[in-house]
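One file, run-v1.cif, is given below (mmCIF, C-alpha atoms and all ligand atoms).
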```
data_run
loop_
_atom_site.label_atom_id
_atom_site.label_comp_id
_atom_site.auth_asym_id
_atom_site.auth_seq_id
_atom_site.Cartn_x
_atom_site.Cartn_y
_atom_site.Cartn_z
CA MET A 1 4.94 2.79 -44.99
CA ILE A 2 6.38 3.24 -48.46
CA HIS A 3 7.71 6.66 -47.51
CA SER A 4 9.25 5.12 -44.41
CA TYR A 5 10.93 2.51 -46.60
CA ARG A 6 12.26 5.10 -49.02
CA ALA A 7 13.37 7.37 -46.19
CA TRP A 8 15.36 4.43 -44.91
CA ARG A 9 16.74 3.16 -48.22
CA GLY A 10 17.00 6.46 -50.02
CA VAL A 11 14.69 8.76 -51.95
CA ASN A 12 15.50 7.22 -55.33
CA THR A 13 14.92 3.69 -54.19
CA GLY A 14 12.36 1.83 -56.25
CA VAL A 15 9.72 -0.29 -54.62
CA LYS A 16 9.32 -3.79 -55.98
CA ASN A 17 6.04 -5.66 -56.16
CA LEU A 18 4.03 -2.49 -55.63
CA HIS A 19 0.32 -3.01 -55.07
CA PRO A 20 -1.62 -2.21 -58.30
CA SER A 21 -3.70 0.45 -56.53
CA LEU A 22 -0.51 2.43 -55.88
CA VAL A 23 0.83 2.25 -59.43
CA SER A 24 -0.10 5.10 -61.75
CA LYS A 25 -2.05 4.38 -64.92
CA THR A 26 1.00 5.32 -67.00
CA GLY A 27 2.69 2.27 -65.63
CA GLY A 28 5.35 4.10 -63.61
CA ASP A 29 5.64 4.53 -59.89
CA ASP A 30 5.33 8.33 -60.05
CA VAL A 31 2.30 8.04 -57.81
CA LEU A 32 4.86 7.90 -55.01
CA LEU A 33 6.28 11.32 -55.89
CA PRO A 34 6.98 13.85 -54.69
CA PHE A 35 8.92 12.37 -51.83
CA ALA A 36 8.41 14.15 -48.53
CA PRO A 37 9.77 13.08 -45.15
CA ILE A 38 6.92 12.00 -42.96
CA GLY A 39 6.45 13.27 -39.45
CA ARG A 40 7.85 11.32 -36.58
CA TRP A 41 7.55 11.39 -32.83
CA GLN A 42 9.13 14.51 -31.49
CA LEU A 43 10.50 14.82 -28.03
CA ILE A 44 8.45 17.36 -26.20
CA ARG A 45 9.97 19.66 -23.69
CA SER A 46 9.65 18.86 -20.03
CA ASP A 47 6.75 20.38 -18.16
CA GLN A 48 9.13 22.63 -16.29
CA GLU A 49 10.41 23.97 -19.59
CA ILE A 50 6.85 24.54 -20.74
CA ALA A 51 6.05 26.29 -17.45
CA ASN A 52 9.12 28.49 -17.82
CA LYS A 53 8.09 29.26 -21.36
CA ARG A 54 4.63 30.29 -20.19
CA VAL A 55 6.01 32.48 -17.43
CA SER A 56 8.27 34.04 -20.01
CA ALA A 57 5.32 34.58 -22.35
CA ILE A 58 3.33 36.24 -19.55
CA ASP A 59 6.26 38.54 -18.82
CA LYS A 60 6.44 39.48 -22.44
CA THR A 61 2.73 40.16 -22.54
CA LYS A 62 2.97 42.42 -19.52
CA LYS A 63 5.84 44.35 -21.07
CA SER A 64 3.91 44.67 -24.28
CA SER A 65 0.87 46.02 -22.42
CA ALA A 66 3.01 48.54 -20.58
CA GLU A 67 4.47 49.77 -23.82
CA THR A 68 1.17 50.06 -25.64
CA PRO A 69 0.09 53.49 -24.25
CA ALA A 70 3.41 55.01 -25.26
CA LYS A 71 2.99 53.68 -28.76
CA ARG A 72 -0.49 55.13 -28.99
CA LYS A 73 0.91 58.58 -28.30
CA ASN A 74 2.93 58.24 -31.45
CA PRO A 75 0.55 58.34 -34.44
CA ALA A 76 3.26 57.38 -36.86
CA PRO A 77 2.18 54.28 -38.76
CA VAL A 78 4.23 51.40 -37.51
CA SER A 79 4.16 48.05 -39.14
CA VAL A 80 3.97 45.69 -36.25
CA ARG A 81 4.82 42.16 -37.03
CA PRO A 82 2.78 39.87 -34.82
CA SER A 83 4.85 37.77 -32.49
CA LYS A 84 5.09 34.28 -33.89
CA LYS A 85 5.99 32.91 -30.50
CA ARG A 86 2.71 33.92 -28.94
CA LYS A 87 0.75 32.32 -31.74
CA LEU A 88 2.49 28.98 -31.50
CA PRO A 89 0.38 26.35 -29.78
CA PRO A 90 2.02 24.22 -27.11
CA PRO A 91 4.00 21.33 -28.59
CA ALA A 92 1.75 18.41 -29.36
CA PRO A 93 2.60 15.18 -27.54
CA VAL A 94 3.66 12.34 -29.74
CA GLY A 95 1.24 9.67 -30.86
CA LEU A 96 1.39 6.40 -32.76
CA MET A 97 0.02 5.71 -36.23
CA TRP A 98 -2.58 2.96 -36.27
CA ASP A 99 -1.50 -0.14 -38.19
CA ARG A 100 -4.36 -0.89 -40.57
CA VAL A 101 -2.89 -4.29 -41.51
CA ASN A 102 -2.24 -5.57 -38.01
CA TYR A 103 -4.74 -3.66 -35.90
CA SER A 104 -2.76 -1.87 -33.23
CA CYS A 105 -5.07 0.47 -31.30
CA ALA A 106 -4.69 -1.42 -28.00
CA TYR A 107 -0.91 -1.13 -28.23
CA ASP A 108 -1.09 2.47 -29.49
CA THR A 109 -3.17 3.71 -26.58
CA LEU A 110 -1.19 1.89 -23.89
CA PHE A 111 2.24 2.68 -25.31
CA VAL A 112 1.45 6.35 -26.00
CA ARG A 113 0.31 6.85 -22.42
CA LEU A 114 3.34 4.99 -21.06
CA TYR A 115 5.62 7.06 -23.29
CA HIS A 116 4.25 10.24 -21.76
CA ILE A 117 4.83 8.89 -18.29
CA TRP A 118 8.38 7.94 -19.29
CA ASN A 119 9.10 11.19 -21.12
CA GLY A 120 10.58 13.86 -18.91
CA HIS A 121 11.91 11.30 -16.44
CA GLY A 122 13.91 9.11 -18.83
CA PRO A 123 16.34 6.78 -17.03
CA LEU A 124 14.27 6.78 -13.82
CA TRP A 125 11.30 5.24 -15.61
CA THR A 126 13.48 3.04 -17.81
CA ASN A 127 14.69 1.47 -14.56
CA ARG A 128 11.16 1.23 -13.17
CA PHE A 129 9.91 -0.47 -16.31
CA ALA A 130 12.91 -2.80 -16.19
CA SER A 131 11.86 -3.92 -12.73
CA VAL A 132 8.36 -5.04 -13.79
CA THR A 133 8.48 -7.49 -16.73
CA GLU A 134 10.58 -8.25 -19.79
CA TYR A 135 7.96 -6.45 -21.90
CA THR A 136 7.98 -3.18 -19.95
CA ASP A 137 11.77 -3.48 -19.86
CA GLN A 138 11.82 -3.78 -23.65
CA LEU A 139 9.43 -0.85 -24.00
CA GLY A 140 11.45 1.42 -21.69
CA LYS A 141 14.64 0.66 -23.58
CA GLY A 142 12.71 1.22 -26.82
CA PHE A 143 11.68 4.68 -25.61
CA GLU A 144 15.35 5.44 -24.97
CA SER A 145 16.39 4.35 -28.45
CA TYR A 146 13.53 6.41 -29.89
CA ALA A 147 14.83 9.40 -27.94
CA LEU A 148 18.27 8.73 -29.42
CA LYS A 149 16.64 8.56 -32.87
CA THR A 150 17.93 5.06 -33.51
CA ARG A 151 14.45 3.56 -33.80
CA THR A 152 11.08 4.86 -34.92
CA SER A 153 8.01 4.84 -32.72
CA GLU A 154 6.41 2.12 -34.87
CA THR A 155 9.52 -0.03 -34.64
CA VAL A 156 9.49 0.21 -30.85
CA ARG A 157 5.81 -0.72 -30.75
CA ASP A 158 6.13 -3.57 -33.21
CA GLN A 159 9.16 -5.11 -31.50
CA VAL A 160 7.36 -5.29 -28.15
CA ARG A 161 4.30 -6.57 -29.97
CA ARG A 162 6.31 -9.36 -31.58
CA SER A 163 7.62 -10.43 -28.18
CA LEU A 164 4.07 -10.56 -26.84
CA ALA A 165 2.81 -12.49 -29.88
CA THR A 166 5.66 -14.98 -29.63
CA ALA A 167 4.73 -15.77 -26.05
CA ASN A 168 0.97 -15.75 -26.66
CA PRO A 169 -0.05 -15.76 -30.37
CA THR A 170 -3.72 -16.21 -29.54
CA GLY A 171 -3.89 -13.33 -27.07
CA PHE A 172 -1.84 -10.97 -29.25
CA PRO A 173 -2.81 -11.82 -32.83
CA ASN A 174 -1.65 -10.19 -36.03
CA GLY A 175 -4.03 -9.15 -38.79
CA PRO A 176 -7.38 -7.33 -38.44
CA GLU A 177 -7.99 -8.80 -35.01
CA PHE A 178 -9.14 -7.26 -31.73
CA THR A 179 -6.74 -7.27 -28.79
CA PHE A 180 -8.15 -7.06 -25.27
CA LEU A 181 -6.63 -4.14 -23.41
CA TYR A 182 -6.83 -5.82 -20.00
CA MET A 183 -4.87 -8.77 -21.39
CA LEU A 184 -2.25 -6.40 -22.73
CA THR A 185 -1.87 -4.45 -19.47
CA ASP A 186 -1.89 -7.62 -17.38
CA THR A 187 0.78 -9.21 -19.55
CA MET A 188 2.86 -6.07 -19.84
CA PHE A 189 2.73 -5.54 -16.09
CA GLY A 190 2.88 -9.18 -15.19
CA SER A 191 -0.55 -9.94 -13.76
CA CYS A 192 1.09 -8.80 -10.57
CA PHE A 193 -0.76 -8.73 -7.29
CA TRP A 194 0.29 -5.86 -5.15
CA GLY A 195 -1.81 -6.44 -2.06
CA ARG A 196 -2.92 -8.95 0.52
CA GLU A 197 -6.54 -9.98 1.01
CA THR A 198 -7.64 -11.39 4.35
CA LEU A 199 -10.98 -12.94 5.25
CA LYS A 200 -11.61 -12.31 8.92
CA CYS A 201 -14.50 -13.04 11.25
CA LEU A 202 -16.05 -9.84 12.62
CA LYS A 203 -17.21 -11.68 15.73
CA CYS A 204 -14.29 -13.85 16.93
CA ASN A 205 -11.49 -12.35 14.78
CA LEU A 206 -10.64 -15.71 13.27
CA VAL A 207 -8.54 -15.29 10.16
CA ASP A 208 -10.25 -17.55 7.65
CA ASN A 209 -8.01 -17.09 4.63
CA VAL A 210 -5.16 -14.92 3.30
CA THR A 211 -4.68 -14.53 -0.45
CA GLN A 212 -3.12 -12.14 -2.90
CA GLY A 213 -5.21 -9.07 -3.59
CA TYR A 214 -5.10 -5.99 -5.79
CA PRO A 215 -4.55 -7.47 -9.24
CA CYS A 216 -2.72 -5.43 -11.85
CA THR A 217 -5.82 -4.25 -13.69
CA ARG A 218 -8.58 -3.68 -11.21
CA THR A 219 -12.17 -3.81 -12.43
CA VAL A 220 -14.29 -1.16 -10.74
CA TYR A 221 -17.71 -2.76 -10.40
CA LYS A 222 -20.86 -0.82 -9.66
CA ASP A 223 -21.52 -0.30 -5.98
CA VAL A 224 -25.08 0.86 -5.37
CA GLY A 225 -24.41 1.61 -1.70
CA LEU A 226 -21.42 3.87 -2.36
CA LYS A 227 -23.22 5.61 -5.20
CA ALA A 228 -26.17 6.33 -2.89
CA THR A 229 -23.83 7.63 -0.18
CA TYR A 230 -21.76 10.00 -2.32
CA LYS A 231 -24.26 10.68 -5.14
CA ASP A 232 -22.68 12.91 -7.79
CA GLU A 233 -19.49 13.24 -5.76
CA TYR A 234 -18.76 9.51 -5.98
CA MET A 235 -15.06 9.17 -6.81
CA LEU A 236 -12.66 6.35 -7.59
CA SER A 237 -10.87 7.03 -4.28
CA HIS A 238 -14.15 6.33 -2.41
CA TRP A 239 -14.34 2.97 -4.11
CA LEU A 240 -10.70 2.22 -3.35
CA ASN A 241 -11.09 3.16 0.32
CA ALA A 242 -14.18 0.98 0.60
CA LEU A 243 -12.11 -1.99 -0.54
CA LYS A 244 -10.06 -1.83 2.64
CA ILE A 245 -12.81 -3.62 4.51
CA SER A 246 -15.99 -5.01 3.00
CA ARG A 247 -18.61 -7.51 4.08
CA THR A 248 -18.87 -10.86 2.35
CA PHE A 249 -21.55 -13.52 2.18
CA GLY A 250 -19.23 -15.98 3.92
CA ARG A 251 -19.68 -17.23 7.46
CA CYS A 252 -17.09 -18.05 10.11
CA THR A 253 -16.47 -21.79 10.38
CA VAL A 254 -16.20 -21.52 14.19
CA CYS A 255 -18.84 -19.07 15.39
CA LYS A 256 -20.89 -18.56 12.18
CA GLY A 257 -20.28 -14.82 12.45
CA GLY A 258 -20.01 -12.62 9.36
CA LEU A 259 -16.75 -12.58 7.43
CA ALA A 260 -15.14 -9.34 6.28
CA ARG A 261 -12.69 -9.01 3.41
CA ILE A 262 -9.77 -6.77 4.36
CA GLU A 263 -7.45 -5.63 1.60
CA VAL A 264 -4.07 -4.08 2.30
CA PRO A 265 -1.58 -2.96 -0.35
CA VAL A 266 1.89 -4.37 0.26
CA ILE A 267 3.77 -2.88 -2.67
CA ALA A 268 3.32 0.27 -4.73
CA PRO A 269 3.53 -0.63 -8.43
CA PRO A 270 4.74 2.08 -10.80
CA VAL A 271 1.46 2.17 -12.74
CA LEU A 272 -2.08 1.30 -11.70
CA HIS A 273 -4.78 0.34 -14.19
CA PHE A 274 -8.52 0.37 -13.60
CA ALA A 275 -11.23 -1.02 -15.85
CA LEU A 276 -14.39 0.98 -15.18
CA ASP A 277 -17.57 -1.07 -15.15
CA ASP A 278 -19.34 1.90 -13.57
CA SER A 279 -19.30 4.80 -16.03
CA SER A 280 -20.86 7.18 -13.48
CA ILE A 281 -17.85 7.11 -11.17
CA ARG A 282 -15.65 10.22 -11.24
CA LEU A 283 -11.88 10.08 -11.47
CA ASP A 284 -9.65 11.73 -8.89
CA PRO A 285 -6.83 13.83 -10.33
CA SER A 286 -4.70 12.09 -7.69
CA PHE A 287 -5.04 9.85 -4.65
CA ASN A 288 -2.79 8.34 -2.01
CA ILE A 289 -2.15 4.72 -1.09
CA THR A 290 -0.48 3.79 2.18
CA VAL A 291 2.04 0.96 1.93
CA TRP A 292 3.86 -0.08 5.11
CA GLN A 293 3.10 3.32 6.67
CA ALA A 294 4.52 5.14 3.66
CA THR A 295 2.20 7.28 1.58
CA VAL A 296 2.48 6.89 -2.17
CA ARG A 297 0.73 9.38 -4.39
CA TYR A 298 -0.71 8.39 -7.75
CA ALA A 299 -1.79 10.91 -10.37
CA LEU A 300 -4.26 10.33 -13.19
CA ARG A 301 -2.27 10.30 -16.43
CA SER A 302 -4.62 8.87 -19.03
CA VAL A 303 -8.08 7.59 -19.76
CA ILE A 304 -8.64 5.02 -22.51
CA TYR A 305 -11.98 4.74 -24.28
CA ILE A 306 -13.45 2.02 -26.44
CA GLY A 307 -16.06 2.48 -29.15
CA ASN A 308 -16.76 0.36 -32.24
CA HIS A 309 -13.99 -2.02 -31.18
CA HIS A 310 -11.43 0.78 -31.36
CA PHE A 311 -9.39 2.28 -28.52
CA THR A 312 -8.61 5.98 -28.18
CA THR A 313 -7.06 7.84 -25.28
CA ARG A 314 -6.86 11.12 -23.44
CA ILE A 315 -3.49 12.02 -21.96
CA LEU A 316 -3.26 14.28 -18.94
CA LYS A 317 0.00 16.13 -18.56
CA GLU A 318 1.42 17.14 -15.20
CA ASN A 319 0.53 20.79 -15.89
CA GLY A 320 -3.15 19.86 -16.40
CA ASP A 321 -3.14 19.98 -20.20
CA VAL A 322 -5.36 17.38 -21.84
CA TRP A 323 -4.51 15.83 -25.20
CA PHE A 324 -6.56 13.43 -27.30
CA HIS A 325 -5.00 10.62 -29.32
CA ASP A 326 -6.57 8.33 -31.88
CA GLY A 327 -4.16 6.26 -33.96
CA ILE A 328 -6.53 6.54 -36.94
CA GLU A 329 -7.59 10.20 -36.68
CA THR A 330 -4.60 11.92 -35.06
CA GLY A 331 -1.85 9.40 -35.87
CA LEU A 332 1.62 10.60 -34.93
CA THR A 333 0.40 13.52 -32.87
CA CYS A 334 -2.34 14.49 -30.42
CA ILE A 335 -5.01 17.18 -30.32
CA ALA A 336 -5.06 19.76 -27.52
CA GLU A 337 -8.30 19.80 -25.54
CA GLY A 338 -7.50 22.42 -22.91
CA GLN A 339 -7.12 21.99 -19.19
CA ALA A 340 -8.49 19.14 -17.10
CA LEU A 341 -11.33 19.80 -14.71
CA LEU A 342 -11.08 18.31 -11.26
CA GLY A 343 -12.94 15.06 -10.92
CA ILE A 344 -13.62 14.49 -14.60
ZN ZN A 401 -15.94 -16.34 14.20
#
```
Could I get this file's structure written as structure tokens?
Ligand SMILES: [Zn+2]
Amino acid sequence: MIHSYRAWRGVNTGVKNLHPSLVSKTGGDDVLLPFAPIGRWQLIRSDQEIANKRVSAIDKTKKSSAETPAKRKNPAPVSVRPSKKRKLPPPAPVGLMWDRVNYSCAYDTLFVRLYHIWNGHGPLWTNRFASVTEYTDQLGKGFESYALKTRTSETVRDQVRRSLATANPTGFPNGPEFTFLYMLTDTMFGSCFWGRETLKCLKCNLVDNVTQGYPCTRTVYKDVGLKATYKDEYMLSHWLNALKISRTFGRCTVCKGGLARIEVPVIAPPVLHFALDDSSIRLDPSFNITVWQATVRYALRSVIYIGNHHFTTRILKENGDVWFHDGIETGLTCIAEGQALLGI
């Protein structure tokens, strides 16, 4: 934070009212030196650029292999400088540094994953975010200003956070307080309902009730029947499909027949969130939802975990690369974890 301040105000800027633990025993503030610019979010290349780079790297490898026999025929000692390009790991996706004063892991995990959805599409997703709520609108515009280097990643996060706290100081507290992720996603995405739920009699077809269905964050409860049917192949898409029509305990007011709950999506929101109550369910890399006879494909882009009241996340890139982010451990970057397996 101090380095951020000095980077902003100038390297030689003094810091007033410095905490005693940061002041050297000689009484000066030399504990702050040497000054070094801290890392910031870096725009990563688009997946297509990465793919092109990999194709290019493969081409180079093939050429190198073809040339190797010829080189072996020449015993002359040749100092071969290893190619730096081949040793470079893929660019690490950006992360967010955890705020140890105002605990921020819920915001870090959600905003990092949304940034990676936004990144590579830019204005398209800025417009999509603008169409959801004032908070996603603010975040999308914040991503743009970050891309233009006019704001830091922490500034973008904290500005959206302040807007949330102003509207709901209890739900989005400052200080060493826990923030519920479902409350954050529901507020960010507007507690929107994107479906219609109908209670219908299976015997006389009476429509008992029509309500809004498909809330923004959908809790995936355990379903013993589905688990028994699909066993180890039980996927999130099975659970979603089963929602289309399910039996209820209700009875028809006319014929006393059984009531079924029929859920139909009526809009396709830009992002879907699921809270998994069933940890044994497997996640589809992608699945389709039909809305008004149009098929909309959704791809898995991140998984958020909670442990010891702290959120961390795995980000899945379009090319299958998996990256791990923990605002405490990995901070401004992510750690590569290889390629995703189908149905993780
Ligand atoms: Zn009936």
Find the spatial neighbours of Leu96 in chain A, counting only C-alpha atoms, within a cut-off of 8 Å - ignore same-chain residues fewer than 2 positions away - and output them as an mmCIF file with C-alpha atoms, in the frame of the given file.
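The resulting file, around27.cif, is reproduced below:
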```
data_model
loop_
_atom_site.group_PDB
_atom_site.id
_atom_site.type_symbol
_atom_site.label_atom_id
_atom_site.label_comp_id
_atom_site.auth_asym_id
_atom_site.auth_seq_id
_atom_site.Cartn_x
_atom_site.Cartn_y
_atom_site.Cartn_z
ATOM 1 C CA TRP A 41 7.550 11.390 -32.830
ATOM 2 C CA VAL A 94 3.660 12.340 -29.740
ATOM 3 C CA TRP A 98 -2.580 2.960 -36.270
ATOM 4 C CA ASP A 108 -1.090 2.470 -29.490
ATOM 5 C CA VAL A 112 1.450 6.350 -26.000
ATOM 6 C CA SER A 153 8.010 4.840 -32.720
ATOM 7 C CA GLU A 154 6.410 2.120 -34.870
ATOM 8 C CA GLY A 327 -4.160 6.260 -33.960
ATOM 9 C CA GLY A 331 -1.850 9.400 -35.870
ATOM 10 C CA LEU A 332 1.620 10.600 -34.930
ATOM 11 C CA THR A 333 0.400 13.520 -32.870
#
```
Exercise. So which residues are near ligand ZN 401 (chain A), meaning at most 12 Å away with all atoms listed in the file counted, given back as a list of chain:residue names?
Worked result: A:Leu199, A:Lys200, A:Cys201, A:Leu202, A:Lys203, A:Cys204, A:Asn205, A:Leu206, A:Val207, A:Asp208, A:Gly250, A:Arg251, A:Cys252, A:Thr253, A:Val254, A:Cys255, A:Lys256, A:Gly257, A:Gly258, A:Leu259, A:Ala260
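In this comparison, which uses all atoms listed in the file, the residue of A:Asp321, A:Glu197, A:Asp326, A:Asp284 approaching His238 in chain A most closely is A:Asp284.
Distances from A:Leu164, A:Ile245, A:Leu114, A:Val303 to Trp323 in chain A were compared using only C-alpha atoms, and the smallest one belongs to A:Val303.
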Problem set entry | Shell around Ala165 in chain A at 12 Å using all atoms listed in the file, local window under 6 positions removed, as a list in words | Asn102, Tyr135, Asp158, Gln159, Gly171, Phe172, Pro173, Asn174, Gly175, Thr179, Leu184, Thr187 and Met188 of chain A
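Counting all atoms listed in the file and comparing A:Glu144, A:Asp186, A:Asp277, A:Asp137, the residue that lies closest to Thr217 in chain A is A:Asp186.
With CA of Cys216 in chain A on one side and CA of Arg196 in chain A on the other, the separation reads 12.9 Å.
For the pair CA of Glu337 in chain A and CA of Tyr107 in chain A, the interatomic distance is 22.4 Å.
We find CA of Pro265 in chain A and CA of Leu226 in chain A to be spaced 21.1 Å apart.
Between Pro269 in chain A and the candidates A:Phe249, A:Phe129, A:Tyr305, A:Phe143, the tightest atom-to-atom separation, counting all atoms listed in the file, involves A:Phe129.
Comparing the minimum interatomic distances between Gly142 in chain A and each of A:Val160, A:Tyr234, A:Arg128, A:Ala268, counting only C-alpha atoms, we find that A:Val160 sits nearest.
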Problem set entry | Within 9 Å of Trp239 in chain A using all atoms listed in the file, minus same-chain residues under 6 positions, as a VMD selection string | chain A and resid 220 223 226 281
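For the residues A:Glu318, A:Asp278, A:Asp99, A:Glu263, ranking by smallest atom-to-atom distance to Thr211 in chain A using all atoms listed in the file places A:Glu263 first.
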